[in-house]
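Here's model.cif, which has mmCIF, C-alpha atoms:
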data_data
#
loop_
_atom_site.label_atom_id
_atom_site.label_comp_id
_atom_site.auth_asym_id
_atom_site.auth_seq_id
_atom_site.Cartn_x
_atom_site.Cartn_y
_atom_site.Cartn_z
CA MET A 9 0.00 0.00 0.00
CA LEU A 10 2.64 2.54 1.09
CA THR A 11 6.28 2.34 0.09
CA ILE A 12 8.95 4.77 1.31
CA LYS A 13 12.34 4.58 -0.39
CA ASN A 14 15.50 6.50 0.51
CA LEU A 15 13.56 9.36 2.08
CA GLN A 16 15.63 12.34 3.19
CA LYS A 17 14.51 15.66 4.64
CA THR A 18 16.58 18.76 5.35
CA PHE A 19 15.28 22.09 6.60
CA GLU A 20 17.47 24.29 4.43
CA GLU A 21 16.96 27.58 6.30
CA GLN A 22 18.26 26.02 9.50
CA SER A 23 20.75 23.74 7.68
CA LEU A 24 19.15 20.95 9.71
CA MET A 25 18.89 17.39 8.43
CA ALA A 26 15.86 15.81 10.11
CA ILE A 27 15.70 12.51 8.21
CA LYS A 28 18.93 10.99 6.89
CA GLU A 29 17.57 8.03 4.96
CA ILE A 30 14.43 6.01 5.65
CA SER A 31 12.88 3.13 3.72
CA PHE A 32 9.93 0.97 4.78
CA THR A 33 6.56 -0.35 3.66
CA VAL A 34 3.07 -0.43 5.14
CA HIS A 35 0.94 -3.30 3.85
CA ASP A 36 -2.82 -3.61 3.54
CA ASN A 37 -4.61 -3.89 6.90
CA GLU A 38 -1.34 -3.41 8.82
CA ILE A 39 -0.76 -1.31 11.95
CA VAL A 40 2.75 0.12 11.95
CA MET A 41 3.89 2.12 14.98
CA ILE A 42 6.85 4.50 14.89
CA ILE A 43 8.91 5.18 18.02
CA GLY A 44 11.91 7.46 18.36
CA PRO A 45 13.47 10.26 20.40
CA SER A 46 11.85 13.69 20.51
CA GLY A 47 12.79 15.78 17.50
CA CYS A 48 13.87 12.85 15.34
CA GLY A 49 11.40 13.64 12.56
CA LYS A 50 8.40 11.40 13.30
CA SER A 51 5.79 14.10 12.69
CA THR A 52 7.81 15.39 9.72
CA LEU A 53 7.59 11.91 8.22
CA LEU A 54 3.78 11.90 8.54
CA ASN A 55 3.59 15.37 7.00
CA ILE A 56 5.56 14.14 3.99
CA ILE A 57 3.39 11.05 3.55
CA SER A 58 0.22 13.19 3.74
CA ASN A 59 1.59 15.65 1.13
CA ASN A 60 1.61 18.48 3.66
CA ASP A 61 5.36 18.72 3.05
CA GLU A 62 6.61 18.23 -0.51
CA ASP A 63 10.18 19.45 0.02
CA TYR A 64 12.14 16.20 0.38
CA SER A 65 14.19 13.72 -1.61
CA GLY A 66 13.39 10.06 -2.11
CA THR A 67 10.20 8.29 -3.08
CA VAL A 68 6.78 8.08 -1.43
CA GLN A 69 4.51 5.67 -3.31
CA PHE A 70 0.89 5.28 -2.22
CA ASP A 71 -1.18 2.77 -4.19
CA LYS A 72 -4.60 3.74 -2.83
CA ASP A 73 -6.68 6.94 -2.99
CA ARG A 74 -7.13 8.67 0.34
CA ILE A 75 -5.08 9.37 3.45
CA GLY A 76 -6.71 10.46 6.70
CA TYR A 77 -4.77 12.34 9.40
CA VAL A 78 -5.53 12.45 13.14
CA PHE A 79 -3.35 15.00 14.92
CA GLN A 80 -2.18 15.41 18.52
CA GLU A 81 -4.92 18.02 18.96
CA ASP A 82 -8.45 17.32 17.71
CA ARG A 83 -8.66 20.35 15.34
CA LEU A 84 -12.45 20.40 15.49
CA LEU A 85 -14.31 23.55 14.44
CA PRO A 86 -15.73 24.89 17.72
CA TRP A 87 -18.87 26.38 16.17
CA LYS A 88 -19.94 23.13 14.51
CA THR A 89 -21.53 20.06 16.07
CA VAL A 90 -19.96 16.63 16.12
CA GLU A 91 -21.98 15.59 13.08
CA GLN A 92 -21.08 18.77 11.20
CA ASN A 93 -17.39 18.37 12.01
CA VAL A 94 -17.44 14.86 10.58
CA ARG A 95 -19.39 15.77 7.45
CA ILE A 96 -17.20 18.76 6.58
CA VAL A 97 -14.57 16.53 4.93
CA ASN A 98 -17.12 14.99 2.57
CA LEU A 99 -20.22 17.19 2.20
CA GLU A 100 -21.58 15.10 -0.67
CA GLY A 101 -21.14 11.82 1.18
CA ASP A 102 -23.90 9.57 2.49
CA LYS A 103 -25.31 11.35 5.53
CA ASP A 104 -26.67 8.07 6.91
CA ASN A 105 -23.11 6.78 7.00
CA VAL A 106 -22.23 9.50 9.51
CA ASP A 107 -24.51 7.91 12.09
CA LYS A 108 -22.97 4.49 11.46
CA ILE A 109 -19.44 5.81 11.91
CA LEU A 110 -20.37 7.82 15.02
CA ASN A 111 -21.92 4.68 16.42
CA ASP A 112 -18.78 2.69 15.56
CA VAL A 113 -16.63 5.12 17.56
CA ASP A 114 -19.24 5.28 20.33
CA ILE A 115 -20.25 8.96 20.22
CA LEU A 116 -23.55 8.77 18.32
CA PRO A 117 -25.58 10.08 21.31
CA PHE A 118 -23.43 13.24 21.19
CA LYS A 119 -23.83 14.01 17.47
CA ASP A 120 -25.51 17.38 18.16
CA TYR A 121 -23.00 18.50 20.79
CA LEU A 122 -20.44 21.24 20.24
CA PRO A 123 -16.78 20.36 20.91
CA LYS A 124 -16.67 22.51 24.06
CA ASN A 125 -19.21 20.16 25.64
CA LEU A 126 -17.17 17.01 24.95
CA SER A 127 -14.41 15.34 26.92
CA GLY A 128 -10.93 15.01 25.39
CA GLY A 129 -11.59 11.38 24.52
CA MET A 130 -14.86 12.23 22.81
CA ARG A 131 -13.20 14.95 20.75
CA GLN A 132 -10.56 12.52 19.55
CA ARG A 133 -13.27 9.97 18.72
CA CYS A 134 -14.85 12.69 16.59
CA SER A 135 -11.49 13.29 14.87
CA ILE A 136 -11.18 9.59 14.07
CA ALA A 137 -14.77 9.51 12.83
CA ARG A 138 -14.00 12.43 10.53
CA ALA A 139 -11.02 10.58 9.04
CA LEU A 140 -13.15 7.47 8.52
CA TYR A 141 -15.96 9.44 6.87
CA TYR A 142 -13.40 10.94 4.52
CA GLY A 143 -12.98 7.41 3.19
CA SER A 144 -9.37 6.89 4.26
CA ASP A 145 -7.41 3.91 2.95
CA LEU A 146 -4.48 4.82 5.21
CA LEU A 147 -4.89 6.47 8.59
CA LEU A 148 -2.02 8.57 9.98
CA LEU A 149 -2.08 9.04 13.74
CA ASP A 150 0.31 11.52 15.37
CA GLU A 151 0.25 10.83 19.13
CA PRO A 152 -3.52 11.43 19.22
CA PHE A 153 -4.01 10.16 22.78
CA LYS A 154 -0.96 11.65 24.54
CA SER A 155 -3.10 14.02 26.66
CA LEU A 156 -5.52 11.31 27.83
CA ASP A 157 -5.30 9.40 31.09
CA HIS A 158 -4.11 5.79 31.15
CA LEU A 159 -7.51 4.10 31.19
CA LEU A 160 -9.02 6.31 28.50
CA ARG A 161 -5.93 5.93 26.33
CA ASN A 162 -6.26 2.14 26.51
CA GLU A 163 -9.93 2.43 25.50
CA MET A 164 -8.93 4.50 22.48
CA LEU A 165 -6.24 1.98 21.50
CA LYS A 166 -8.89 -0.75 21.55
CA LEU A 167 -11.04 1.46 19.33
CA VAL A 168 -8.19 1.83 16.82
CA ALA A 169 -7.64 -1.94 16.84
CA LYS A 170 -11.36 -2.49 16.24
CA ILE A 171 -11.38 0.00 13.35
CA ASN A 172 -8.43 -1.79 11.77
CA ARG A 173 -10.12 -5.17 12.19
CA ASP A 174 -13.56 -4.09 10.94
CA THR A 175 -12.57 -1.80 8.05
CA ASN A 176 -9.18 -3.17 6.86
CA ILE A 177 -7.74 0.35 6.99
CA SER A 178 -3.95 0.46 7.24
CA ILE A 179 -2.61 2.58 10.09
CA LEU A 180 0.69 4.40 10.57
CA TYR A 181 0.90 5.63 14.14
CA VAL A 182 3.56 7.82 15.80
CA THR A 183 4.02 7.45 19.56
CA HIS A 184 6.53 8.03 22.37
CA ASP A 185 4.86 5.36 24.49
CA ILE A 186 6.38 1.87 24.13
CA ASP A 187 3.45 0.23 25.95
CA GLU A 188 1.06 1.89 23.51
CA ALA A 189 3.00 0.39 20.60
CA LEU A 190 3.17 -3.04 22.21
CA LEU A 191 -0.59 -3.08 22.76
CA LEU A 192 -1.51 -2.15 19.21
CA ALA A 193 1.19 -2.65 16.58
CA ASP A 194 1.73 -5.37 14.03
CA ARG A 195 5.16 -3.82 13.54
CA ILE A 196 7.19 -1.32 15.53
CA LEU A 197 9.76 0.79 13.67
CA VAL A 198 12.38 2.36 15.94
CA LEU A 199 14.04 5.57 14.71
CA SER A 200 17.42 6.92 15.79
CA LYS A 201 18.05 10.43 17.01
CA ARG A 202 18.19 13.18 14.37
CA PRO A 203 19.12 12.83 11.54
CA SER A 204 16.98 9.74 11.77
CA VAL A 205 17.29 6.29 10.26
CA ILE A 206 15.39 3.11 11.08
CA VAL A 207 17.46 1.17 13.59
CA ASP A 208 15.11 -1.77 14.16
CA ASP A 209 11.86 -3.36 13.03
CA PHE A 210 9.96 -5.50 15.54
CA ARG A 211 7.05 -7.70 14.47
CA ILE A 212 4.22 -8.80 16.78
CA LEU A 213 1.87 -11.59 15.76
CA GLU A 214 -0.59 -11.66 18.67
CA ASN A 215 -4.08 -10.17 18.31
CA PRO A 216 -4.00 -6.59 19.69
CA MET A 217 -7.26 -7.21 21.54
CA GLU A 218 -5.72 -10.13 23.47
CA ARG A 219 -2.27 -8.88 24.50
CA ASP A 220 -1.02 -8.94 28.08
CA LEU A 221 1.95 -6.64 28.65
CA GLU A 222 2.78 -8.55 31.84
CA ASP A 223 3.50 -11.61 29.73
CA THR A 224 7.22 -12.46 29.66
CA LYS A 225 7.37 -12.04 25.88
CA PHE A 226 6.20 -8.43 26.01
CA ILE A 227 8.39 -7.59 28.99
CA GLU A 228 11.42 -8.84 27.07
CA LEU A 229 10.34 -7.06 23.89
CA LYS A 230 10.00 -3.79 25.78
CA LYS A 231 13.52 -4.24 27.15
CA ARG A 232 14.81 -4.83 23.60
CA ILE A 233 13.13 -1.70 22.30
CA ILE A 234 14.53 0.39 25.16
CA GLN A 235 17.98 -1.09 24.54
CA THR A 236 17.68 -0.31 20.83
CA LEU A 237 16.80 3.32 21.58
CA GLU A 238 19.71 3.63 23.99
CA GLU A 239 22.27 2.01 21.73
CA LYS A 240 21.91 4.75 19.10
CA LYS A 241 22.78 2.42 16.27
CA GLU A 242 24.21 3.97 13.12
CA ASN A 243 23.08 1.46 10.53
CA ALA A 244 19.52 1.50 9.16
CA ILE A 245 17.39 -1.45 8.21
CA TYR A 246 16.03 -1.23 4.67
CA GLN A 247 13.24 -3.32 3.21
#
Could you show the structure in this file as C-alpha cells?
Amino acid sequence: MLTIKNLQKTFEEQSLMAIKEISFTVHDNEIVMIIGPSGCGKSTLLNIISNNDEDYSGTVQFDKDRIGYVFQEDRLLPWKTVEQNVRIVNLEGDKDNVDKILNDVDILPFKDYLPKNLSGGMRQRCSIARALYYGSDLLLLDEPFKSLDHLLRNEMLKLVAKINRDTNISILYVTHDIDEALLLADRILVLSKRPSVIVDDFRILENPMERDLEDTKFIELKKRIIQTLEEKKENAIYQ
C-alpha cells in the first residue's frame, strides 16, 4: 500500500537534516507504529506522507486513494456540532453513514454536541470519525491520545484496533509510548536520534485485543526496544 524509499529531509533555512535516509513499507490492513526520540522527525515523516510537506528527496509511493490524518490536537471547528465536524470533509457523502461511523466510535448520542461540551476522549473519537468518513485507505495518527489518562488511552487503543479489524484500513501511528506500541502494533519501527534512520523493526503476531503486557514475551520485547533506543545504532534497516 505505502512504500517509502530513501527518504531524506533537510530544513534548508536552518541547515538541519531531520531525516537521513528512511525506507519501509506499510501493507494492507497493517498497523505500523513508529517510536523514536523527541525531535527525530516522526511528525515530519507523517507530513511528507500526507503531502503536507513536498520538500524532500526520495520516493513516497501510495497505491490507494485517500489518506486520513488524526493529529495530537483534535482540530475540530468549535462552532460546529460533532456531526457537522465529521461531514465537513465529505459534504456530498452519504449522511446516513455519519450515524454508522459515530456509532462505531461510540459517540452517536453526542452528534448534536459542540466540541466545548465534549471530553478530550470524545473529541478525539470525533477526529477519528471524521477521518473514517473521509474514506481513508491509510490512517495517519500523530500521538492522538498523549493528553488522555491511562484508562481512557487504553480504550482508544482498543477502538483503533477495532477499526483496523472491521474496516481493513492500514494505520501508521507515531508514539513516544512503548506500551502503547506493544498493545496495538503489528510492527514497531524504531528511529534513531536526528538525523533519523530506522534502527530496528519489531514484528508482533498476537491479536492486539488479546495482549497482556505482563507476559514475559512483552516484557522482554519492551527491554529490547529500550535497549535499541539507547544504543543509538548507526546502521539503518532497509526493506
Option closest in space to Val97 in chain A, from A:Thr33, A:Met164, A:Leu140, A:Gly44 [counting all atoms listed in the file]: A:Leu140
Could you list, as a ChimeraX atom specification, every residue matched by the PyMOL selection byres ((chain A and resi 51) around 12) in this structure? /A:17,26-27,42-50,52-58,60-61,77-80,148-152,180-184
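Compared by their closest atoms to Arg219 in chain A, and using only C-alpha atoms, the residues A:Ala169, A:Ala137, A:Leu122, A:Leu237 rank with A:Ala169 nearest.
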Using Å and a single decimal, report how far CA of Ser127 in chain A sits from CA of Leu160 in chain A.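 Taking CA of Leu160 in chain A and CA of Ser127 in chain A, their separation equals 10.6 Å.
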Can you list, as a short mmCIF file (atom, residue, chain, number, x, y, z; two decimals) with C-alpha atoms, in the frame of the given file, every protein, DNA or RNA residue that comes within 12 Å of Val68 in chain A when you count all atoms listed in the file, leaving out same-chain residues fewer than 2 positions away?
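Written file, out-v3.cif:
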data_model
loop_
_atom_site.label_atom_id
_atom_site.label_comp_id
_atom_site.auth_asym_id
_atom_site.auth_seq_id
_atom_site.Cartn_x
_atom_site.Cartn_y
_atom_site.Cartn_z
CA MET A 9 0.00 0.00 0.00
CA LEU A 10 2.64 2.54 1.09
CA THR A 11 6.28 2.34 0.09
CA ILE A 12 8.95 4.77 1.31
CA LYS A 13 12.34 4.58 -0.39
CA ASN A 14 15.50 6.50 0.51
CA LEU A 15 13.56 9.36 2.08
CA GLN A 16 15.63 12.34 3.19
CA ILE A 30 14.43 6.01 5.65
CA SER A 31 12.88 3.13 3.72
CA PHE A 32 9.93 0.97 4.78
CA THR A 33 6.56 -0.35 3.66
CA VAL A 34 3.07 -0.43 5.14
CA LEU A 53 7.59 11.91 8.22
CA LEU A 54 3.78 11.90 8.54
CA ASN A 55 3.59 15.37 7.00
CA ILE A 56 5.56 14.14 3.99
CA ILE A 57 3.39 11.05 3.55
CA SER A 58 0.22 13.19 3.74
CA ASN A 59 1.59 15.65 1.13
CA ASP A 61 5.36 18.72 3.05
CA GLU A 62 6.61 18.23 -0.51
CA ASP A 63 10.18 19.45 0.02
CA TYR A 64 12.14 16.20 0.38
CA SER A 65 14.19 13.72 -1.61
CA GLY A 66 13.39 10.06 -2.11
CA PHE A 70 0.89 5.28 -2.22
CA ASP A 71 -1.18 2.77 -4.19
#
On this file, the PyMOL selection byres ((chain A and resi 189) around 10) gives some set of residues; write that set as a list in words. Ile39, Val40, Met41, Ile42, Ile43, Leu165, Tyr181, Val182, Thr183, His184, Asp185, Ile186, Asp187, Glu188, Leu190, Leu191, Leu192, Ala193, Asp194, Arg195, Ile196, Leu197, Pro216 and Lys230 of chain A
Go ahead and write the residues just picked, C-alpha atoms, as a CSV table (one decimal), in the coordinates of the input.
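Okay, again.csv is ready:
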chain,number,residue,atom,x,y,z
A,39,ILE,CA,-0.8,-1.3,12.0
A,40,VAL,CA,2.8,0.1,12.0
A,41,MET,CA,3.9,2.1,15.0
A,42,ILE,CA,6.8,4.5,14.9
A,43,ILE,CA,8.9,5.2,18.0
A,165,LEU,CA,-6.2,2.0,21.5
A,181,TYR,CA,0.9,5.6,14.1
A,182,VAL,CA,3.6,7.8,15.8
A,183,THR,CA,4.0,7.4,19.6
A,184,HIS,CA,6.5,8.0,22.4
A,185,ASP,CA,4.9,5.4,24.5
A,186,ILE,CA,6.4,1.9,24.1
A,187,ASP,CA,3.4,0.2,26.0
A,188,GLU,CA,1.1,1.9,23.5
A,190,LEU,CA,3.2,-3.0,22.2
A,191,LEU,CA,-0.6,-3.1,22.8
A,192,LEU,CA,-1.5,-2.2,19.2
A,193,ALA,CA,1.2,-2.6,16.6
A,194,ASP,CA,1.7,-5.4,14.0
A,195,ARG,CA,5.2,-3.8,13.5
A,196,ILE,CA,7.2,-1.3,15.5
A,197,LEU,CA,9.8,0.8,13.7
A,216,PRO,CA,-4.0,-6.6,19.7
A,230,LYS,CA,10.0,-3.8,25.8
Any chance you could model all heavy atoms for range 211-222 of chain A and send them as a short mmCIF file (atom, residue, chain, number, x, y, z; two decimals), in the frame of the given file?
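And here is the file that came out, selection.cif:
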data_model
loop_
_atom_site.label_atom_id
_atom_site.label_comp_id
_atom_site.auth_asym_id
_atom_site.auth_seq_id
_atom_site.Cartn_x
_atom_site.Cartn_y
_atom_site.Cartn_z
N ARG A 211 8.34 -7.19 14.91
CA ARG A 211 7.05 -7.70 14.47
C ARG A 211 6.35 -8.41 15.62
O ARG A 211 6.97 -9.15 16.38
CB ARG A 211 7.22 -8.65 13.28
CG ARG A 211 7.81 -7.98 12.06
CD ARG A 211 8.05 -8.97 10.91
NE ARG A 211 8.68 -8.29 9.78
CZ ARG A 211 8.02 -7.71 8.80
NH1 ARG A 211 6.69 -7.75 8.79
NH2 ARG A 211 8.66 -7.12 7.81
N ILE A 212 5.03 -8.18 15.72
CA ILE A 212 4.22 -8.80 16.78
C ILE A 212 3.05 -9.51 16.12
O ILE A 212 2.31 -8.91 15.34
CB ILE A 212 3.71 -7.75 17.78
CG1 ILE A 212 4.88 -6.95 18.36
CG2 ILE A 212 2.91 -8.42 18.89
CD1 ILE A 212 4.46 -5.82 19.28
N LEU A 213 2.88 -10.79 16.43
CA LEU A 213 1.87 -11.59 15.76
C LEU A 213 0.56 -11.69 16.54
O LEU A 213 -0.49 -11.96 15.96
CB LEU A 213 2.41 -13.01 15.51
CG LEU A 213 3.66 -13.08 14.62
CD1 LEU A 213 4.12 -14.54 14.48
CD2 LEU A 213 3.39 -12.48 13.25
N GLU A 214 0.61 -11.48 17.86
CA GLU A 214 -0.59 -11.66 18.67
C GLU A 214 -1.68 -10.64 18.34
O GLU A 214 -1.39 -9.49 17.99
CB GLU A 214 -0.24 -11.54 20.17
CG GLU A 214 0.48 -12.76 20.73
CD GLU A 214 1.97 -12.72 20.42
OE1 GLU A 214 2.41 -11.77 19.75
OE2 GLU A 214 2.69 -13.62 20.85
N ASN A 215 -2.93 -11.06 18.50
CA ASN A 215 -4.08 -10.17 18.31
C ASN A 215 -4.00 -9.00 19.29
O ASN A 215 -3.87 -9.21 20.50
CB ASN A 215 -5.37 -10.97 18.55
CG ASN A 215 -6.62 -10.18 18.23
OD1 ASN A 215 -6.67 -8.96 18.36
ND2 ASN A 215 -7.66 -10.88 17.82
N PRO A 216 -4.08 -7.75 18.79
CA PRO A 216 -4.00 -6.59 19.69
C PRO A 216 -5.04 -6.61 20.80
O PRO A 216 -4.80 -6.06 21.88
CB PRO A 216 -4.23 -5.40 18.74
CG PRO A 216 -3.78 -5.88 17.41
CD PRO A 216 -4.16 -7.34 17.37
N MET A 217 -6.19 -7.21 20.55
CA MET A 217 -7.26 -7.21 21.54
C MET A 217 -7.00 -8.22 22.67
O MET A 217 -7.70 -8.24 23.66
CB MET A 217 -8.59 -7.54 20.86
CG MET A 217 -8.92 -6.68 19.65
SD MET A 217 -9.19 -4.94 20.06
CE MET A 217 -10.82 -5.03 20.80
N GLU A 218 -5.95 -9.04 22.51
CA GLU A 218 -5.72 -10.13 23.47
C GLU A 218 -4.34 -10.07 24.12
O GLU A 218 -3.91 -11.03 24.74
CB GLU A 218 -5.91 -11.48 22.76
CG GLU A 218 -7.30 -11.68 22.18
CD GLU A 218 -7.41 -12.96 21.36
OE1 GLU A 218 -6.37 -13.65 21.20
OE2 GLU A 218 -8.52 -13.26 20.89
N ARG A 219 -3.64 -8.96 24.01
CA ARG A 219 -2.27 -8.88 24.50
C ARG A 219 -2.22 -8.54 25.99
O ARG A 219 -2.99 -7.74 26.49
CB ARG A 219 -1.48 -7.84 23.70
CG ARG A 219 -1.32 -8.23 22.25
CD ARG A 219 -0.57 -7.18 21.44
NE ARG A 219 -0.64 -7.51 20.02
CZ ARG A 219 -0.14 -6.76 19.06
NH1 ARG A 219 0.47 -5.63 19.36
NH2 ARG A 219 -0.24 -7.13 17.80
N ASP A 220 -1.26 -9.17 26.66
CA ASP A 220 -1.02 -8.94 28.08
C ASP A 220 0.42 -8.47 28.24
O ASP A 220 1.36 -9.25 28.06
CB ASP A 220 -1.25 -10.23 28.86
CG ASP A 220 -1.00 -10.08 30.35
OD1 ASP A 220 -0.71 -8.95 30.79
OD2 ASP A 220 -1.06 -11.10 31.07
N LEU A 221 0.60 -7.19 28.57
CA LEU A 221 1.95 -6.64 28.65
C LEU A 221 2.73 -7.17 29.83
O LEU A 221 3.95 -6.93 29.93
CB LEU A 221 1.89 -5.12 28.70
CG LEU A 221 1.31 -4.42 27.48
CD1 LEU A 221 1.57 -2.92 27.55
CD2 LEU A 221 1.86 -4.99 26.19
N GLU A 222 2.06 -7.91 30.74
CA GLU A 222 2.78 -8.55 31.84
C GLU A 222 3.31 -9.92 31.45
O GLU A 222 4.04 -10.54 32.23
CB GLU A 222 1.86 -8.66 33.06
CG GLU A 222 1.45 -7.31 33.64
CD GLU A 222 0.61 -7.43 34.88
OE1 GLU A 222 0.37 -8.58 35.32
OE2 GLU A 222 0.20 -6.39 35.43
#
